[in-house]
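To keep things clear, I will list the structure first and then write my remarks on it.
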Amino acid sequence: MIDVRDVMVVYPGAGRPALDGVSLTLSPGESVALLGANGSGKSTLARLCNALLLPSAGTVSVDGMDTRDAAAVWDVRSRVGFVQQNPENQIVGTVAEEDVAFGPENLGVPAGELRRRVDDALEAVGLAGMQRREPHLLSDGQKQRLAIAGALAMCPAYLVLDEPTAMLDGTGRAEVAAVLQTLRDEGVGILHITHQLAEAADADRLVVLSEGRIVYEGTPLGLIGEPERAERYGVDLPHMAVLTAGLRARGIDVPALMLDAESVVEALWR
Amino acid sequence: MALIARGLGYIYGQGTGFGIDALRGVDFDLSPGELLVIAGATGSGKSTLLRLLAGLLRPSAGSVTVDGAAPDARSARGKVAIVFQNPESQFFAESVLADVAFGPGNLGADDPDVVAADALAAVGLDPDTFGGRSPLTLSGGEARRAAIAGALAMRAPYLLLDEPTAGLDSRGRRDVIAAVTAERVRAGVAVVTHDPDEFLSHADHVLALSEGAPVFDGSVAALFDAFREYESAGLRLPEVVRAQLLARERGAHIPSIGFEPREAARVLMAARGDRR
């Protein structure tokens, strides 16, 4: 389990702490969506999870290892994979398989095992058969999936993704969402940072940060039911959820999570 | 006076035998005071079009003119300002004000700092609060707006923006959209995006691209009438707008489409009542 306990992070020269009294757990096979406005502390919290950043106060532990323990840091990082927003910033190989192999190869994983890991990782993100493809010829959605494969080749127990779909179009977003869903079902713990509630609708748990503090923890549906609150925290509600809330307020019986126009029109004119 | 494209096309690697036909047959006029939204999925040719308009690529077919001149002609210098994707990765100065003032300074403005302060104010960043700060200390939304201010400070009559709201939260997007649409007072503005939803209510004109060719070209009202055709090209209107268009298809009387979801709920309820 990733266990973030009562953590405070203060950046030098900053007025208020980036995180203040934040606690969060992530278990294998669980998916947690982390939402909040720009500057709410989401990325800071993500960086704590694999010791890219250490807390000013409080503790972060990964499967019992304290991230401040310098001897454990490589172990921590091999358990917690990290994927950033811009795939261009995290691709290093000249062909897809080299990029995926970069991490485990550096750790001295033997050739046979390396081959298996690379192929498995590419398969898991739906890029099987693209081993020799040059990354710059991939679409943005494929690039981001390649970056995820690079993290998977380290066989992580947890995957932390910092707005992995922000640069992608609708198709790319759907591709990445499907991969994350599969990984969770296979037992990987997923911490998905986003500011779109629509993307978090499938998560087991929703955590919202505002100005460095956790202001909501619960189900996605719970927050959809409180649009004013979501707006105050800088969380984007799906517009259709706001529309259906408007219809419900006028006595029309439509489900709160009816997100496509066809079903809504069907319900109104049935 | 306009930024004009006629029969515009571009082939990457033309004549090599491995040419990729990225864009063809694009026509439009952009005049100061107008907002043009160029929509299309990834790979539709949007960014190629933007580079052609800015004079960074030379067309393989057709032409671009800026107030009658080629974009790389001397008389067109400083007339087209462009904001690329993730412009905040291009900050280089030590303070926000110095970064924004760099462009006008290069163009020989009398007082670049005053121009820069105006541009910062136009994007909703108070120059006194933000001007002296390092660009590296800005939040995502602030950084994007500061980068856009860098383009506004050029005071060009045409402003082109590539995915200006990508990666921003709702507050950041709202601020950027307000800043961009306000620029129409002075300039013709073209926004290139795969996510045109939030710009549609402000658009005078929509050009939709699919695989390098225009699939729709016209006003927003015309777009609503042709939405099935637009969707058959793999593009999709905002779901709240679609709900009203689908209701209209069923014969509901909907005189004007609401963009905002609460308004859309009102419109749909009113249309339903009418039918009874």
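Every chain in the structure tokens takes a letter, A first, then B, and so on in the order presented; its residues are numbered from 1, and the ligands are numbered from 1 following the presented order.
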
Quiz prompt | For region 226-239 of chain A: contacts at 9 Å, only C-alpha atoms, fewer than 2 positions along chain excluded, given as a PyMOL selection string | solution = (chain A and resi 35-38+40+194-198+208-211+215+222-224+241-245+259) or (chain B and resi 169-171+238-240+260-262)

Quiz item: Skipping near chain neighbours, those fewer than 2 positions away, what residues fall within 7 Å of region 201-207 of chain B using only C-alpha atoms, listed as a PyMOL selection string?
Solution: chain B and resi 34-39+198-199+209+214+216-220+259

Can you list, as a PDB file with N, CA, C and O atoms, in the first residue's frame, all residues belonging to region 106-182 of chain B that DSSP tags as strand (DSSP E or B)?
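result-v6.pdb, freshly written:
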```pdb
ATOM      1  N   TYR B 158      -3.464  39.999 -36.689  1.00  0.00           N
ATOM      2  CA  TYR B 158      -3.963  38.626 -36.734  1.00  0.00           C
ATOM      3  C   TYR B 158      -3.276  37.819 -35.645  1.00  0.00           C
ATOM      4  O   TYR B 158      -2.061  37.880 -35.489  1.00  0.00           O
ATOM      5  N   LEU B 159      -4.098  37.093 -34.875  1.00  0.00           N
ATOM      6  CA  LEU B 159      -3.573  36.311 -33.758  1.00  0.00           C
ATOM      7  C   LEU B 159      -3.993  34.863 -33.962  1.00  0.00           C
ATOM      8  O   LEU B 159      -5.184  34.567 -34.103  1.00  0.00           O
ATOM      9  N   LEU B 160      -3.022  33.957 -33.999  1.00  0.00           N
ATOM     10  CA  LEU B 160      -3.313  32.535 -34.199  1.00  0.00           C
ATOM     11  C   LEU B 160      -2.915  31.768 -32.951  1.00  0.00           C
ATOM     12  O   LEU B 160      -1.828  31.976 -32.407  1.00  0.00           O
ATOM     13  N   LEU B 161      -3.793  30.866 -32.489  1.00  0.00           N
ATOM     14  CA  LEU B 161      -3.486  30.116 -31.265  1.00  0.00           C
ATOM     15  C   LEU B 161      -3.728  28.628 -31.494  1.00  0.00           C
ATOM     16  O   LEU B 161      -4.775  28.232 -32.001  1.00  0.00           O
ATOM     17  N   ASP B 162      -2.752  27.803 -31.091  1.00  0.00           N
ATOM     18  CA  ASP B 162      -2.848  26.356 -31.253  1.00  0.00           C
ATOM     19  C   ASP B 162      -3.173  25.733 -29.892  1.00  0.00           C
ATOM     20  O   ASP B 162      -2.354  25.798 -28.972  1.00  0.00           O
TER      21      ASP B 162
END
```

Self-check item: Surrounding residues of Val60 (chain A) excluding itself and chain neighbours under 5 positions, 6 Å, only C-alpha atoms, as a VMD selection string
Solution: chain A and resid 3 to 4 66 to 67

Self-check item: 9 Å contact set for region 72-85 of chain A, only C-alpha atoms, chain neighbours under 3 positions out, as a VMD selection string
Solution: (chain A and resid 2 46 to 47 49 to 52 61 to 63 65 to 69 88 to 90 144 147 to 148 150 to 152 154 to 167) or (chain B and resid 167)

Quiz item: Mind listing as a PyMOL selection string which residues of chain B are within 9 Å of chain A, counting only C-alpha atoms?
Solution: chain B and resi 41-43+138-141+166-172+194-195+238-244+246-247+250+260-266+268-269+272

Quiz item: Pick the closest to Glu113 (chain A) from A:Val95, A:Ala33, A:Ala101, A:Arg145: which is it, counting only C-alpha atoms?
Solution: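 Counting only C-alpha atoms, the residue closest to Glu113 (chain A) is A:Ala101.
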
Quiz item: Per DSSP on the backbone, what are the helix (DSSP H, G or I) residues of region 149-248 of chain A, as number ranges by chain?
Solution: A: 149-152, 170-185, 197-200, 220-224, 227-232, 239-248

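What separates CA of Gly126 (chain A) from CA of Glu105 (chain A) is a distance of 21.7 Å.
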
Self-check item: Point-to-point distance in Å for CA of Arg184 (chain A) and CA of Pro28 (chain A)
Solution: 7.9 Å

Practice problem: May I ask which of the residues B:Leu235, B:Ala22, B:Ala116, B:Val215 is the closest one to Gly9 (chain B), counting only C-alpha atoms? | Solution: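 The closest residue to Gly9 (chain B) is B:Ala22.
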
Name all residues at most 8 Å from region 122-124 of chain B (count only C-alpha atoms; drop same-chain ones fewer than 4 positions away) and give them as a short mmCIF file (atom, residue, chain, number, x, y, z; two decimals) with all heavy atoms, in the first residue's frame.
```cif
data_model
loop_
_atom_site.label_atom_id
_atom_site.label_comp_id
_atom_site.auth_asym_id
_atom_site.auth_seq_id
_atom_site.Cartn_x
_atom_site.Cartn_y
_atom_site.Cartn_z
N ASP B 118 0.31 46.35 -20.44
CA ASP B 118 -1.05 46.35 -21.01
C ASP B 118 -1.47 44.94 -21.39
O ASP B 118 -2.61 44.52 -21.15
CB ASP B 118 -1.10 47.22 -22.28
CG ASP B 118 -1.12 48.70 -21.94
OD1 ASP B 118 -1.26 49.01 -20.73
OD2 ASP B 118 -1.00 49.53 -22.86
N ARG B 145 -1.48 32.11 -19.67
CA ARG B 145 -1.94 33.47 -19.97
C ARG B 145 -0.76 34.42 -20.18
O ARG B 145 -0.81 35.29 -21.05
CB ARG B 145 -2.87 33.97 -18.87
CG ARG B 145 -4.27 33.38 -19.02
CD ARG B 145 -5.21 33.94 -18.02
NE ARG B 145 -4.97 33.38 -16.70
CZ ARG B 145 -5.25 34.01 -15.56
NH1 ARG B 145 -5.75 35.22 -15.59
NH2 ARG B 145 -5.02 33.43 -14.41
N ALA B 146 0.31 34.24 -19.39
CA ALA B 146 1.49 35.10 -19.58
C ALA B 146 2.08 34.86 -20.97
O ALA B 146 2.51 35.80 -21.65
CB ALA B 146 2.53 34.81 -18.49
N ILE B 148 0.45 33.88 -23.62
CA ILE B 148 -0.45 34.51 -24.59
C ILE B 148 -0.25 36.03 -24.59
O ILE B 148 -0.26 36.66 -25.65
CB ILE B 148 -1.92 34.12 -24.29
CG1 ILE B 148 -2.12 32.63 -24.59
CG2 ILE B 148 -2.90 34.97 -25.11
CD1 ILE B 148 -3.46 32.07 -24.19
N ALA B 149 0.00 36.59 -23.40
CA ALA B 149 0.28 38.02 -23.32
C ALA B 149 1.50 38.38 -24.18
O ALA B 149 1.55 39.44 -24.81
CB ALA B 149 0.51 38.45 -21.87
N ASP B 175 -10.50 31.90 -18.09
CA ASP B 175 -9.67 33.10 -18.19
C ASP B 175 -9.05 33.24 -19.58
O ASP B 175 -9.00 34.33 -20.16
CB ASP B 175 -8.56 33.09 -17.13
CG ASP B 175 -9.11 33.23 -15.73
OD1 ASP B 175 -10.27 33.68 -15.59
OD2 ASP B 175 -8.41 32.87 -14.76
N VAL B 176 -8.54 32.12 -20.11
CA VAL B 176 -7.90 32.16 -21.43
C VAL B 176 -8.94 32.49 -22.51
O VAL B 176 -8.69 33.31 -23.40
CB VAL B 176 -7.18 30.82 -21.74
CG1 VAL B 176 -6.86 30.70 -23.22
CG2 VAL B 176 -5.91 30.72 -20.91
N ALA B 178 -11.72 34.13 -22.19
CA ALA B 178 -12.09 35.55 -22.07
C ALA B 178 -11.02 36.42 -22.71
O ALA B 178 -11.32 37.35 -23.47
CB ALA B 178 -12.30 35.91 -20.60
N ALA B 179 -9.75 36.12 -22.42
CA ALA B 179 -8.65 36.94 -22.95
C ALA B 179 -8.59 36.84 -24.48
O ALA B 179 -8.41 37.85 -25.17
CB ALA B 179 -7.31 36.47 -22.35
N VAL B 180 -8.77 35.64 -25.00
CA VAL B 180 -8.66 35.43 -26.45
C VAL B 180 -9.82 36.08 -27.19
O VAL B 180 -9.63 36.77 -28.20
CB VAL B 180 -8.61 33.91 -26.75
CG1 VAL B 180 -8.84 33.63 -28.23
CG2 VAL B 180 -7.26 33.34 -26.31
#
```

Quiz item: Please, what distance in Å, to one decimal, runs between CA of Leu120 (chain B) and CA of Val100 (chain B)?
Solution: 7.9 Å

Quiz item: If you count only C-alpha atoms, which residues fall within 9 Å of Thr48 (chain B), apart from same-chain ones fewer than 2 positions away, as a list of chain:residue names?
Solution: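 The neighbour list is B:Tyr10, B:Ala22, B:Leu23, B:Ser44, B:Gly45, B:Lys46, B:Leu50, B:Arg51, B:Leu52, B:Leu53, B:Leu57.
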
Quiz prompt | Contacts of Phe102 (chain B) at 9 Å (only C-alpha atoms; same-chain gap of 6+ positions) as a PyMOL selection string | solution = chain B and resi 93+112-113+116+150+153

Could you take the residues named above and write them with C-alpha atoms, as a CSV table (one decimal), in the first residue's frame?
```csv
chain,number,residue,atom,x,y,z
B,93,ALA,CA,13.5,35.8,-19.2
B,112,PRO,CA,8.1,47.8,-24.5
B,113,ASP,CA,7.5,47.6,-20.7
B,116,ALA,CA,3.9,44.4,-21.9
B,150,GLY,CA,3.7,37.7,-25.1
B,153,ALA,CA,2.1,42.5,-26.9
```
